[in-house]
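> So here's protein_20.tsv, just TSV, C-alpha atoms:
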```tsv
chain	number	residue	atom	x	y	z
A	8	MET	CA	186.88	-24.59	9.13
A	9	LYS	CA	184.45	-22.28	10.89
A	10	GLN	CA	182.36	-23.29	13.87
A	11	LEU	CA	178.77	-22.41	14.57
A	12	MET	CA	178.74	-19.70	17.22
A	13	ARG	CA	175.92	-18.42	19.44
A	14	CYS	CA	175.35	-14.92	20.76
A	15	MET	CA	174.73	-15.08	24.51
A	16	SER	CA	172.73	-11.84	24.63
A	17	CYS	CA	170.23	-12.34	21.78
A	18	SER	CA	170.54	-16.16	21.23
A	19	ARG	CA	171.21	-15.78	17.51
A	20	TYR	CA	173.45	-18.30	15.72
A	21	THR	CA	176.17	-17.14	13.33
A	22	LEU	CA	179.58	-18.11	11.97
A	23	GLN	CA	181.18	-14.83	13.01
A	24	LYS	CA	182.97	-13.94	16.26
A	25	GLU	CA	180.69	-10.92	16.67
A	26	CYS	CA	176.90	-11.01	16.46
A	27	PRO	CA	175.67	-9.16	13.36
A	28	GLN	CA	172.45	-8.11	15.11
A	29	CYS	CA	173.59	-6.77	18.51
A	30	ARG	CA	177.42	-6.62	18.07
A	31	ALA	CA	178.08	-8.74	21.18
A	32	GLN	CA	180.76	-11.44	21.37
A	33	THR	CA	179.69	-14.96	20.39
A	34	GLN	CA	180.69	-18.27	21.98
A	35	VAL	CA	180.73	-21.91	20.93
A	36	PRO	CA	177.51	-23.39	22.38
A	37	LEU	CA	178.90	-26.93	22.77
A	38	PRO	CA	180.81	-28.27	25.78
A	39	PRO	CA	184.43	-29.33	25.18
A	40	LYS	CA	185.04	-32.90	24.06
A	41	PHE	CA	185.66	-35.47	26.81
A	42	SER	CA	189.06	-37.10	26.95
A	43	PRO	CA	190.01	-39.87	29.39
A	44	ILE	CA	193.57	-38.50	29.28
A	45	ASP	CA	192.87	-35.07	30.72
A	46	LYS	CA	196.02	-33.03	31.33
A	47	TYR	CA	194.21	-30.27	33.23
A	48	ALA	CA	191.87	-32.31	35.47
A	49	SER	CA	193.93	-31.77	38.62
A	50	TYR	CA	193.92	-27.99	38.08
A	51	ARG	CA	190.16	-27.99	37.52
A	52	ARG	CA	189.52	-30.05	40.68
A	53	THR	CA	191.74	-27.73	42.72
A	54	ALA	CA	189.90	-24.65	41.45
A	55	LYS	CA	186.49	-26.19	42.13
A	56	SER	CA	187.44	-27.23	45.67
A	57	GLY	CA	188.64	-23.68	46.38
A	58	GLN	CA	185.34	-22.26	45.14
A	59	ARG	CA	183.36	-24.76	47.22
A	60	LYS	CA	185.35	-23.93	50.38
A	61	ALA	CA	184.69	-20.21	49.79
A	62	GLN	CA	180.96	-20.92	49.45
A	63	GLY	CA	180.95	-23.07	52.60
A	64	ILE	CA	179.97	-26.29	50.81
A	65	LEU	CA	183.09	-28.22	51.87
```
If you took the structure in this file and wrote it as C-alpha cells, what would it be?

Amino acid sequence: MKQLMRCMSCSRYTLQKECPQCRAQTQVPLPPKFSPIDKYASYRRTAKSGQRKAQGIL
C-alpha cells in the first residue's frame, strides 16, 4: 500500500518517493502514530535534554 507523500520544496502531493515536478525527495506529511507503550521515549527525552542544554534552556 502506498502512502501519500509531500514534496517539502514545492508542496506538491504525490505517491512517489521523488517529486515529479522538481525531483526533490518527498516525505510523509503526517506525524507518527502515538503509542502509550513507546520503546524509544527515553532515547528521545535524552536527545531533547542534550539539545536544550546546548541551547542554554536547561
> What gap, in Å, lies between CA of Ser49 (chain A) and CA of Gln62 (chain A)?
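Pair CA of Ser49 (chain A) / CA of Gln62 (chain A) returns 20.1 Å.
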> Env of Pro27 (chain A): 12 Å cut, atoms = only C-alpha atoms, seq-sep filter 2 positions within chain, self excluded. Answer as a PyMOL selection string.
chain A and resi 12-14+16-25+29-33
> Which distance in Å separates CA of Met15 (chain A) and CA of Pro38 (chain A), to one decimal?
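Separation of CA of Met15 (chain A) and CA of Pro38 (chain A): 14.6 Å.
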> Work out how far apart CA of Pro43 (chain A) and CA of Leu11 (chain A) are and give it in Å to one decimal.
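Those two atoms sit 25.5 Å apart.
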